[in-house]
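Participant: Dropping in model-v6.cif, with mmCIF, C-alpha atoms and all ligand atoms.
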```cif
data_my_file
loop_
_atom_site.label_atom_id
_atom_site.label_comp_id
_atom_site.auth_asym_id
_atom_site.auth_seq_id
_atom_site.Cartn_x
_atom_site.Cartn_y
_atom_site.Cartn_z
CA MET A 177 -28.88 -4.24 -11.38
CA ILE A 178 -27.49 -0.80 -11.98
CA THR A 179 -23.91 0.28 -11.46
CA ARG A 180 -23.30 3.68 -9.97
CA ILE A 181 -20.18 5.78 -10.51
CA LYS A 182 -19.32 5.20 -6.87
CA ASP A 183 -19.23 1.42 -7.47
CA ILE A 184 -16.49 1.91 -10.07
CA THR A 185 -14.50 4.41 -8.04
CA ASP A 186 -14.74 2.20 -4.93
CA HIS A 187 -13.44 -0.70 -6.99
CA LEU A 188 -10.53 1.36 -8.36
CA GLU A 189 -9.73 2.53 -4.84
CA GLN A 190 -9.44 -1.05 -3.64
CA ILE A 191 -6.57 -1.36 -6.12
CA ALA A 192 -5.13 2.12 -5.53
CA PRO A 193 -6.41 3.68 -2.28
CA LEU A 194 -6.56 7.48 -2.39
CA ARG A 195 -4.57 7.55 0.84
CA TYR A 196 -1.51 6.46 -1.17
CA GLN A 197 -1.46 9.58 -3.33
CA GLU A 198 1.29 12.15 -2.80
CA SER A 199 0.45 15.28 -0.81
CA TYR A 200 0.60 17.50 -3.93
CA ASP A 201 -1.75 15.27 -5.91
CA ASN A 202 -5.48 15.53 -6.58
CA ALA A 203 -6.60 11.99 -7.40
CA GLY A 204 -10.24 10.98 -6.92
CA LEU A 205 -13.59 11.99 -8.40
CA LEU A 206 -13.09 15.45 -9.94
CA THR A 207 -16.49 16.11 -11.52
CA GLY A 208 -19.84 14.35 -11.46
CA ASN A 209 -22.29 12.80 -9.06
CA PRO A 210 -21.06 9.54 -7.49
CA ASN A 211 -24.65 8.25 -7.35
CA ASP A 212 -25.30 8.58 -11.09
CA GLU A 213 -25.83 5.38 -12.98
CA VAL A 214 -22.92 4.44 -15.27
CA ARG A 215 -23.93 4.34 -18.94
CA ALA A 216 -20.47 3.59 -20.37
CA VAL A 217 -16.86 4.29 -19.38
CA LEU A 218 -14.08 5.90 -21.39
CA ILE A 219 -10.45 5.34 -20.45
CA SER A 220 -7.60 7.72 -21.19
CA LEU A 221 -4.19 8.64 -19.84
CA ASP A 222 -5.14 12.33 -19.79
CA CYS A 223 -8.53 13.98 -19.75
CA THR A 224 -8.59 16.76 -22.36
CA GLU A 225 -11.39 18.54 -24.22
CA GLU A 226 -10.97 16.08 -27.11
CA VAL A 227 -11.33 13.18 -24.71
CA VAL A 228 -14.55 14.66 -23.31
CA GLU A 229 -15.80 14.99 -26.91
CA ASP A 230 -14.87 11.35 -27.49
CA ALA A 231 -16.89 10.42 -24.36
CA ILE A 232 -19.93 12.33 -25.67
CA GLU A 233 -19.65 10.58 -29.03
CA LYS A 234 -19.39 7.14 -27.44
CA GLY A 235 -22.19 7.77 -24.94
CA CYS A 236 -19.90 7.54 -21.88
CA ASN A 237 -20.71 9.43 -18.69
CA LEU A 238 -17.57 8.46 -16.80
CA ILE A 239 -13.99 9.15 -17.85
CA VAL A 240 -11.28 7.30 -15.95
CA ALA A 241 -7.87 8.93 -16.41
CA HIS A 242 -4.43 8.65 -14.87
CA HIS A 243 -3.61 12.38 -14.72
CA PRO A 244 -6.03 14.62 -12.79
CA ILE A 245 -7.21 17.46 -15.03
CA ILE A 246 -7.82 19.56 -11.91
CA PHE A 247 -4.44 19.67 -10.24
CA LYS A 248 -4.22 23.11 -8.64
CA GLY A 249 -6.98 25.17 -7.07
CA LEU A 250 -9.43 26.88 -9.42
CA LYS A 251 -10.73 30.31 -8.48
CA SER A 252 -12.96 30.77 -11.49
CA LEU A 253 -14.33 28.63 -14.33
CA THR A 254 -14.57 30.77 -17.43
CA GLY A 255 -12.95 28.61 -20.08
CA LYS A 256 -9.77 30.70 -20.34
CA ASN A 257 -7.51 27.62 -20.60
CA TYR A 258 -7.73 23.96 -21.61
CA VAL A 259 -8.23 22.82 -18.02
CA GLU A 260 -11.29 25.01 -17.48
CA ARG A 261 -12.71 24.24 -20.93
CA THR A 262 -12.38 20.51 -20.29
CA ILE A 263 -14.16 20.75 -16.94
CA ILE A 264 -16.92 22.99 -18.26
CA LYS A 265 -17.55 20.64 -21.16
CA ALA A 266 -17.65 17.62 -18.85
CA ILE A 267 -20.08 19.25 -16.41
CA GLN A 268 -22.34 20.59 -19.18
CA ASN A 269 -22.59 17.07 -20.57
CA ASN A 270 -23.04 15.39 -17.21
CA ILE A 271 -19.77 13.51 -17.49
CA ALA A 272 -17.92 12.41 -14.38
CA ILE A 273 -14.12 12.54 -14.39
CA TYR A 274 -12.12 10.29 -12.10
CA ALA A 275 -8.33 10.22 -11.75
CA SER A 276 -6.13 7.53 -10.24
CA HIS A 277 -2.69 9.11 -10.24
CA THR A 278 0.18 8.88 -7.74
CA ASN A 279 -1.90 6.38 -5.74
CA LEU A 280 -1.73 4.07 -8.77
CA ASP A 281 2.02 4.81 -9.06
CA SER A 282 2.45 3.60 -5.48
CA VAL A 283 0.91 0.14 -5.54
CA VAL A 284 1.98 -3.25 -6.77
CA ASN A 285 -0.01 -4.01 -9.93
CA GLY A 286 -0.15 -0.29 -10.73
CA VAL A 287 1.64 1.90 -13.27
CA ASN A 288 5.13 0.55 -12.62
CA THR A 289 4.21 -3.12 -12.49
CA LYS A 290 2.64 -2.59 -15.91
CA ILE A 291 5.93 -1.21 -17.30
CA ALA A 292 7.94 -3.97 -15.60
CA ASP A 293 5.60 -6.59 -17.11
CA LYS A 294 5.94 -5.04 -20.57
CA LEU A 295 9.72 -5.34 -20.17
CA GLY A 296 9.39 -8.91 -18.94
CA LEU A 297 11.17 -8.16 -15.65
CA GLN A 298 11.40 -11.07 -13.22
CA GLU A 299 11.61 -11.02 -9.42
CA GLN A 300 9.88 -7.68 -9.24
CA ARG A 301 9.96 -5.67 -6.05
CA ILE A 302 9.24 -2.12 -5.01
CA LEU A 303 12.22 0.20 -5.35
CA VAL A 304 11.37 2.61 -2.50
CA ASN A 305 8.73 1.54 0.01
CA LYS A 306 6.25 4.10 1.24
CA PRO A 307 6.77 4.49 5.00
CA GLN A 308 4.11 4.20 7.69
CA THR A 309 1.37 2.49 5.72
CA LEU A 310 0.79 -0.32 8.22
CA MET A 311 -0.87 -0.37 11.65
CA GLN A 312 -1.49 -2.90 14.38
CA LEU A 313 -4.66 -3.42 16.37
CA VAL A 314 -4.63 -5.15 19.73
CA THR A 315 -7.99 -5.89 21.26
CA PHE A 316 -9.46 -8.11 23.98
CA ALA A 317 -12.56 -10.28 23.64
CA PRO A 318 -14.21 -12.97 25.77
CA VAL A 319 -12.90 -16.38 24.68
CA GLU A 320 -16.27 -17.44 23.25
CA ASN A 321 -16.53 -14.26 21.12
CA THR A 322 -13.01 -14.39 19.70
CA GLU A 323 -13.93 -16.08 16.41
CA GLN A 324 -16.70 -13.61 15.58
CA VAL A 325 -14.41 -10.64 16.30
CA LEU A 326 -11.60 -12.11 14.18
CA ALA A 327 -13.97 -12.92 11.32
CA ALA A 328 -15.20 -9.31 11.27
CA LEU A 329 -11.64 -7.92 11.37
CA HIS A 330 -10.55 -10.17 8.49
CA ALA A 331 -13.63 -9.29 6.45
CA ALA A 332 -12.74 -5.60 6.89
CA GLY A 333 -9.23 -6.22 5.51
CA ALA A 334 -7.08 -6.97 8.56
CA GLY A 335 -4.53 -9.78 8.73
CA ASN A 336 -3.03 -9.88 5.24
CA ILE A 337 0.74 -10.38 5.06
CA GLY A 338 2.14 -10.99 1.55
CA GLU A 339 0.62 -14.21 0.25
CA TYR A 340 -0.99 -15.01 3.64
CA SER A 341 -4.47 -13.93 4.70
CA ASN A 342 -6.44 -14.23 7.96
CA CYS A 343 -3.22 -13.78 9.99
CA SER A 344 -3.64 -13.08 13.70
CA PHE A 345 -2.13 -13.86 17.06
CA GLN A 346 -3.97 -14.52 20.30
CA VAL A 347 -3.14 -15.41 23.87
CA GLN A 348 -5.54 -16.05 26.72
CA GLY A 349 -5.61 -14.11 29.99
CA LYS A 350 -7.82 -12.50 32.56
CA GLY A 351 -9.69 -9.26 31.84
CA ARG A 352 -10.87 -7.25 34.88
CA PHE A 353 -13.22 -4.26 35.03
CA LEU A 354 -15.61 -2.37 37.29
CA PRO A 355 -18.76 -1.06 35.55
CA SER A 356 -20.05 2.33 36.80
CA GLU A 357 -23.63 2.93 37.95
CA ASN A 358 -24.44 4.23 34.46
CA ALA A 359 -22.82 1.36 32.57
CA ASN A 360 -24.77 -1.30 30.76
CA PRO A 361 -22.32 -4.21 30.89
CA THR A 362 -22.72 -7.30 28.67
CA ILE A 363 -21.07 -9.36 31.39
CA GLY A 364 -21.36 -8.50 35.09
CA ARG A 365 -23.34 -5.84 36.97
CA SER A 366 -23.01 -2.14 37.66
CA GLY A 367 -20.87 -1.41 40.71
CA GLN A 368 -19.57 -5.03 40.87
CA PRO A 369 -15.94 -5.85 40.02
CA GLU A 370 -15.86 -8.46 37.26
CA GLN A 371 -13.29 -10.74 35.70
CA VAL A 372 -13.57 -12.60 32.42
CA GLN A 373 -11.42 -15.10 30.51
CA GLU A 374 -10.45 -13.08 27.45
CA ASN A 375 -8.19 -13.43 24.44
CA ARG A 376 -5.74 -10.72 23.55
CA ILE A 377 -6.08 -10.53 19.73
CA GLU A 378 -3.46 -8.92 17.47
CA VAL A 379 -3.77 -8.12 13.78
CA ILE A 380 -1.88 -6.01 11.24
CA PHE A 381 -3.68 -3.90 8.60
CA PRO A 382 -3.08 -1.12 6.03
CA ALA A 383 -3.45 2.25 7.77
CA TYR A 384 -5.99 3.54 5.27
CA LEU A 385 -8.47 0.90 6.49
CA GLN A 386 -8.43 2.17 10.09
CA GLY A 387 -11.98 3.58 10.01
CA LYS A 388 -13.45 0.47 8.43
CA ILE A 389 -11.63 -1.88 10.79
CA MET A 390 -12.61 0.02 13.93
CA ALA A 391 -16.24 0.06 12.78
CA ALA A 392 -16.12 -3.70 12.16
CA LEU A 393 -14.54 -4.28 15.58
CA LYS A 394 -17.20 -2.27 17.39
CA ALA A 395 -20.02 -3.99 15.49
CA ALA A 396 -18.72 -7.51 16.16
CA HIS A 397 -17.51 -7.10 19.74
CA PRO A 398 -20.04 -7.90 22.48
CA TYR A 399 -18.86 -5.23 24.96
CA GLU A 400 -20.27 -1.72 25.48
CA GLU A 401 -16.70 -0.37 25.65
CA VAL A 402 -14.20 -2.17 23.44
CA ALA A 403 -10.72 -2.14 24.97
CA HIS A 404 -8.12 -1.78 22.22
CA TYR A 405 -4.76 -0.30 21.29
CA LEU A 406 -3.82 1.07 17.86
CA TYR A 407 -0.16 1.32 16.87
CA ASN A 408 1.54 2.90 13.86
CA LEU A 409 4.14 0.47 12.54
CA GLU A 410 7.50 1.11 10.93
CA ASN A 411 7.29 -2.27 9.13
CA GLN A 412 7.92 -2.14 5.39
CA ASN A 413 4.81 -2.71 3.33
CA GLN A 414 5.80 -4.96 0.41
CA GLU A 415 2.82 -3.77 -1.58
CA VAL A 416 3.17 -0.01 -1.39
CA GLY A 417 5.91 2.25 -2.71
CA ILE A 418 7.34 3.91 -5.78
CA GLY A 419 9.29 2.40 -8.67
CA ILE A 420 9.73 -1.29 -9.47
CA MET A 421 13.02 -3.14 -9.78
CA GLY A 422 13.42 -6.43 -11.59
CA GLU A 423 15.76 -8.53 -13.70
CA LEU A 424 15.79 -9.15 -17.41
CA GLN A 425 15.72 -12.83 -18.29
CA GLU A 426 19.09 -12.49 -20.04
CA PRO A 427 21.62 -9.67 -19.70
CA LEU A 428 21.64 -7.38 -22.74
CA GLN A 429 24.38 -5.18 -24.19
CA GLU A 430 23.54 -1.51 -24.57
CA GLU A 431 22.47 -1.60 -28.24
CA ALA A 432 20.37 -4.70 -27.73
CA PHE A 433 18.71 -3.24 -24.63
CA LEU A 434 17.84 -0.03 -26.48
CA SER A 435 16.11 -1.87 -29.30
CA TYR A 436 14.39 -4.12 -26.76
CA LEU A 437 13.07 -0.99 -24.99
CA LYS A 438 11.90 0.55 -28.26
CA ASP A 439 10.11 -2.62 -29.22
CA LYS A 440 8.42 -3.40 -25.90
CA MET A 441 7.42 0.19 -25.08
CA ASP A 442 6.50 1.10 -28.65
CA LEU A 443 8.95 4.01 -28.86
CA GLN A 444 9.99 6.17 -31.78
CA GLY A 445 13.13 7.20 -29.95
CA LEU A 446 14.56 7.87 -26.51
CA ARG A 447 17.30 9.77 -24.69
CA TYR A 448 19.79 7.80 -22.63
CA THR A 449 23.15 7.76 -20.90
CA SER A 450 25.66 5.18 -22.04
CA VAL A 451 27.07 2.42 -19.86
CA GLY A 452 29.62 1.45 -22.50
CA ALA A 453 30.43 -2.24 -22.56
CA LYS A 454 28.60 -3.01 -19.31
CA SER A 455 25.69 -5.37 -19.80
CA ILE A 456 22.22 -4.62 -18.47
CA LYS A 457 20.31 -7.09 -16.35
CA ARG A 458 18.81 -5.30 -13.35
CA VAL A 459 16.31 -2.67 -14.43
CA ALA A 460 14.40 -0.09 -12.38
CA VAL A 461 11.28 1.52 -13.84
CA CYS A 462 9.17 4.51 -12.87
CA GLY A 463 6.35 5.86 -15.02
CA GLY A 464 6.14 9.62 -15.57
CA ALA A 465 8.87 11.71 -14.00
CA GLY A 466 11.19 9.38 -12.08
CA SER A 467 14.51 11.17 -11.88
CA PHE A 468 14.06 11.48 -8.10
CA LEU A 469 14.79 7.74 -8.03
CA ILE A 470 18.22 7.91 -9.74
CA LYS A 471 20.16 7.63 -6.46
CA ASP A 472 17.97 4.83 -5.09
CA ALA A 473 18.27 2.88 -8.34
CA LEU A 474 22.07 3.27 -8.30
CA ARG A 475 22.32 2.31 -4.64
CA GLN A 476 20.32 -0.85 -5.31
CA GLY A 477 22.55 -1.85 -8.20
CA ALA A 478 20.28 -1.07 -11.14
CA ASP A 479 21.99 -1.27 -14.53
CA ALA A 480 19.27 0.90 -16.05
CA LEU A 481 16.50 3.24 -14.91
CA VAL A 482 13.64 3.55 -17.36
CA THR A 483 11.53 6.66 -16.81
CA GLY A 484 10.56 10.01 -18.35
CA ASP A 485 11.03 13.77 -17.91
CA VAL A 486 14.75 13.60 -17.06
CA LYS A 487 16.54 16.97 -17.07
CA TYR A 488 19.97 17.57 -18.60
CA HIS A 489 21.85 17.82 -15.30
CA GLU A 490 20.11 14.81 -13.86
CA PHE A 491 21.61 12.60 -16.59
CA PHE A 492 25.07 13.29 -15.08
CA ASP A 493 23.98 11.60 -11.85
CA ALA A 494 24.17 8.21 -13.57
CA GLU A 495 27.98 8.59 -13.26
CA GLY A 496 28.36 6.19 -16.19
CA ARG A 497 27.40 3.33 -13.88
CA MET A 498 23.75 3.08 -14.89
CA MET A 499 21.82 3.80 -18.05
CA ILE A 500 19.17 6.45 -17.53
CA ALA A 501 16.66 5.85 -20.30
CA ASP A 502 14.20 8.73 -20.75
CA ILE A 503 11.53 7.15 -22.90
CA GLY A 504 9.07 10.06 -22.51
CA HIS A 505 6.41 10.74 -19.90
CA TYR A 506 3.50 9.68 -22.10
CA GLU A 507 5.26 6.63 -23.52
CA SER A 508 6.18 5.38 -20.04
CA GLU A 509 2.59 5.60 -18.80
CA VAL A 510 0.43 4.97 -21.83
CA PHE A 511 -0.11 1.30 -20.96
CA THR A 512 -1.68 2.39 -17.66
CA LYS A 513 -4.91 2.51 -19.67
CA GLU A 514 -4.82 -1.29 -19.83
CA ILE A 515 -4.94 -1.49 -16.02
CA PHE A 516 -8.20 0.49 -15.92
CA TYR A 517 -9.63 -1.29 -18.94
CA ASP A 518 -8.84 -4.79 -17.74
CA THR A 519 -10.12 -4.40 -14.19
CA ILE A 520 -13.30 -2.50 -15.06
CA SER A 521 -14.31 -4.77 -17.93
CA LYS A 522 -13.52 -7.87 -15.88
CA ASN A 523 -15.47 -6.81 -12.79
CA PHE A 524 -18.43 -5.02 -14.38
CA THR A 525 -20.32 -6.48 -17.29
CA ASN A 526 -23.48 -4.40 -17.59
CA PHE A 527 -22.04 -1.46 -19.56
CA ALA A 528 -19.41 -0.86 -22.24
CA VAL A 529 -15.82 0.15 -21.52
CA TYR A 530 -13.87 1.99 -24.23
CA LEU A 531 -10.29 3.11 -24.66
CA THR A 532 -10.14 6.59 -26.13
CA ASN A 533 -8.69 6.85 -29.59
CA VAL A 534 -7.47 10.38 -28.86
CA ASN A 535 -3.68 10.55 -28.63
CA THR A 536 -3.33 12.95 -25.71
CA ASN A 537 0.46 13.21 -25.93
CA PRO A 538 1.19 16.93 -26.49
CA VAL A 539 4.75 16.07 -27.54
CA ARG A 540 5.52 15.19 -31.18
CA TYR A 541 8.84 14.00 -32.57
CA THR A 542 10.74 14.86 -35.70
CA PHE A 543 14.06 13.37 -36.81
ZN ZN A 601 2.33 10.99 -15.43
#
```
Write the structure described by the file as structure tokens, please.
Facilitator:
Amino acid sequence: MITRIKDITDHLEQIAPLRYQESYDNAGLLTGNPNDEVRAVLISLDCTEEVVEDAIEKGCNLIVAHHPIIFKGLKSLTGKNYVERTIIKAIQNNIAIYASHTNLDSVVNGVNTKIADKLGLQEQRILVNKPQTLMQLVTFAPVENTEQVLAALHAAGAGNIGEYSNCSFQVQGKGRFLPSENANPTIGRSGQPEQVQENRIEVIFPAYLQGKIMAALKAAHPYEEVAHYLYNLENQNQEVGIGIMGELQEPLQEEAFLSYLKDKMDLQGLRYTSVGAKSIKRVAVCGGAGSFLIKDALRQGADALVTGDVKYHEFFDAEGRMMIADIGHYESEVFTKEIFYDTISKNFTNFAVYLTNVNTNPVRYTF
């Protein structure tokens, strides 16, 4: 059996659907043919020219990265900067580049869960939920067809609530309709009013699955016209949002927390705001640039926010009530590679998966 690039990207999108990326982002397949057979996969945080060279050396024709190398529009491809040179080299060598970026930041078991796990945070929950990611479907099916309709909806991904799957609600009633002369009714006859014992079926589902769920409904439902209502929900989705909050097993004093951070995140150094004698127990994390979460972290009682790319004036917003720990953009996200590595090597066994040995961090430190 061969594995195509699309099989890998579909798998990664089950974990981090592209619909969850921010509007400014460009996650997805950036170069390459989705139908090509996968020879081997290379994993990196960034895709640079050196990473493409590493892929060539290792015989990989798919690079899976966190940061999309194509981020803004390109009007020409002449090799005048590192972005263009990377893309040209990838295309010339038939290498596909795939990026899972802010969509992977926005899901449980993504970038931020990885950081929270590294820090051993307990009782993890999303810091800021992403709004409007859930929908409801209400449909009506003859009593005897209800099970087949429900089975199809569940198979397409409807009816999952937290740790519960196959969730639905139904109530029986009377459906009435009048088929036109041109109709081809499953039950009843053209021009004759009809009434049928039907179940009203309700399920909840993630909005990005709307197309798949509607297709499954139409395929499984016996009627020519499938009566249904679709609703956008304001319900919070426990699985989708930015930042993770959790608790350290034991509260730590500032000095102890700093060395704990350095040890767990493999840091040479970090920038931080002091909380003085206050101990740290509740910790918020956000990989990459997370200073936009300072106010939310404070409001939710975080003792520390661990992130990267914090600007001078943003440090003041901690007001001495919370430690802002800027551990570096690269350092906060580097373990994201493990997410790709673990899931691809666990779910696909007919090709090799490599972690790049290129250190793509453009920032160096001197003390
Ligand atoms: Zn990043």
Participant: Taking all atoms listed in the file into account, which of A:Ile184, A:Leu424, A:Ile389, A:Met177 comes nearest Ala480 in chain A?
Facilitator: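 Ranking A:Ile184, A:Leu424, A:Ile389, A:Met177 by distance to Ala480 in chain A, first place goes to A:Leu424.
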Participant: At a cut-off of 8 Å and counting only C-alpha atoms and all ligand atoms, what residues surround ligand ZN 601 (chain A)? Please answer as a JSON list (two decimals) with C-alpha atoms, in the frame of the given file.
Facilitator:
```json
[["chain", "number", "residue", "atom", "x", "y", "z"],
["A", 242, "HIS", "CA", -4.43, 8.65, -14.87],
["A", 243, "HIS", "CA", -3.61, 12.38, -14.72],
["A", 277, "HIS", "CA", -2.69, 9.11, -10.24],
["A", 463, "GLY", "CA", 6.35, 5.86, -15.02],
["A", 464, "GLY", "CA", 6.14, 9.62, -15.57],
["A", 465, "ALA", "CA", 8.87, 11.71, -14.00],
["A", 505, "HIS", "CA", 6.41, 10.74, -19.90],
["A", 506, "TYR", "CA", 3.50, 9.68, -22.10],
["A", 509, "GLU", "CA", 2.59, 5.60, -18.80]]
```
Participant: Would you kindly return, as a list in words, each protein, DNA or RNA residue with an atom no farther than 10 Å from any atom of Met441 in chain A, considering only C-alpha atoms and excluding same-chain residues fewer than 6 positions away?
Facilitator: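 Within the cut-off, the hits are Ile291, Lys294, Leu295, Ser435, Ile503, Glu507, Ser508, Glu509, Val510 and Phe511 of chain A.
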Participant: What residues have an atom no more than 7 Å from (-14.3, -4.1, 21.4) in the file's own frame, counting only C-alpha atoms, and can you write them as a PDB file with C-alpha atoms, keeping the file's coordinate frame?
Facilitator:
```
ATOM      1  CA  THR A 315      -7.990  -5.890  21.260  1.00  0.00           C
ATOM      2  CA  PHE A 316      -9.460  -8.110  23.980  1.00  0.00           C
ATOM      3  CA  ALA A 317     -12.560 -10.280  23.640  1.00  0.00           C
ATOM      4  CA  LEU A 393     -14.540  -4.280  15.580  1.00  0.00           C
ATOM      5  CA  LYS A 394     -17.200  -2.270  17.390  1.00  0.00           C
ATOM      6  CA  HIS A 397     -17.510  -7.100  19.740  1.00  0.00           C
ATOM      7  CA  PRO A 398     -20.040  -7.900  22.480  1.00  0.00           C
ATOM      8  CA  TYR A 399     -18.860  -5.230  24.960  1.00  0.00           C
ATOM      9  CA  GLU A 401     -16.700  -0.370  25.650  1.00  0.00           C
ATOM     10  CA  VAL A 402     -14.200  -2.170  23.440  1.00  0.00           C
ATOM     11  CA  ALA A 403     -10.720  -2.140  24.970  1.00  0.00           C
ATOM     12  CA  HIS A 404      -8.120  -1.780  22.220  1.00  0.00           C
TER      13      HIS A 404
END
```
Participant: Leaving out Ser220 in chain A and any residue of its chain fewer than 6 positions from it, which residues lie within 9 Å of it when counting only C-alpha atoms, given as a list in words?
Facilitator: Val227, Ile239, Val240, Ala241, His242, His243, Val510, Thr512, Lys513, Phe516, Leu531, Thr532, Asn533, Val534, Asn535 and Thr536 of chain A
Participant: Got a sec: who's within 10 Å of range 228-231 of chain A, counting all atoms listed in the file, leaving out chain neighbours fewer than 6 positions off, as a list in words?
Facilitator: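 That gives Ala216, Val217, Leu218, Ile219, Asn237, Leu238, Ile239, Thr262, Ile263, Lys265, Ala266, Ile267, Asn269, Ile271, Ala272, Ile273, Tyr530, Leu531, Thr532, Asn533 and Val534 of chain A.
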Participant: With the cut-off set at 9 Å and counting all atoms listed in the file, tabulate each residue of range 294-324 of chain A with an atom at most that distance from an atom of range 362-381 of chain A, showing the nearest atom pair and its distance in Å to one decimal, ordered by chain and increasing number, as a Markdown table.
Facilitator:
```
| residue | atom | partner | partner_atom | distance |
| --- | --- | --- | --- | --- |
| A:Thr309 | CA | A:Phe381 | CA | 8.6 |
| A:Leu310 | CA | A:Phe381 | CA | 5.7 |
| A:Met311 | CA | A:Phe381 | CA | 5.4 |
| A:Gln312 | CA | A:Ile380 | CA | 4.4 |
| A:Leu313 | CA | A:Val379 | CA | 5.4 |
| A:Val314 | CA | A:Glu378 | CA | 4.5 |
| A:Thr315 | CA | A:Ile377 | CA | 5.2 |
| A:Phe316 | CA | A:Arg376 | CA | 4.6 |
| A:Ala317 | CA | A:Glu374 | CA | 5.2 |
| A:Pro318 | CA | A:Glu374 | CA | 4.1 |
| A:Val319 | CA | A:Glu374 | CA | 5.0 |
| A:Glu320 | CA | A:Glu374 | CA | 8.4 |
| A:Asn321 | CA | A:Glu374 | CA | 8.9 |
| A:Thr322 | CA | A:Asn375 | CA | 6.8 |
```
Participant: Of the candidates A:Ile337, A:Leu188, A:Ile420, A:Leu446, which shows the shortest atom-to-atom distance to Val459 in chain A, using all atoms listed in the file?
Facilitator: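 For Val459 in chain A, the nearest of the given residues is A:Ile420.
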Participant: In Å to one decimal, how far is CA of His489 in chain A from CA of Val461 in chain A?
Facilitator: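 Separation between CA of Val461 in chain A and CA of His489 in chain A: 19.5 Å.
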Participant: Excluding same-chain residues fewer than 4 positions from Gly445 in chain A, what lies within 9 Å of it counting only C-alpha atoms, as a PyMOL selection string?
Facilitator: chain A and resi 438+503-504+541
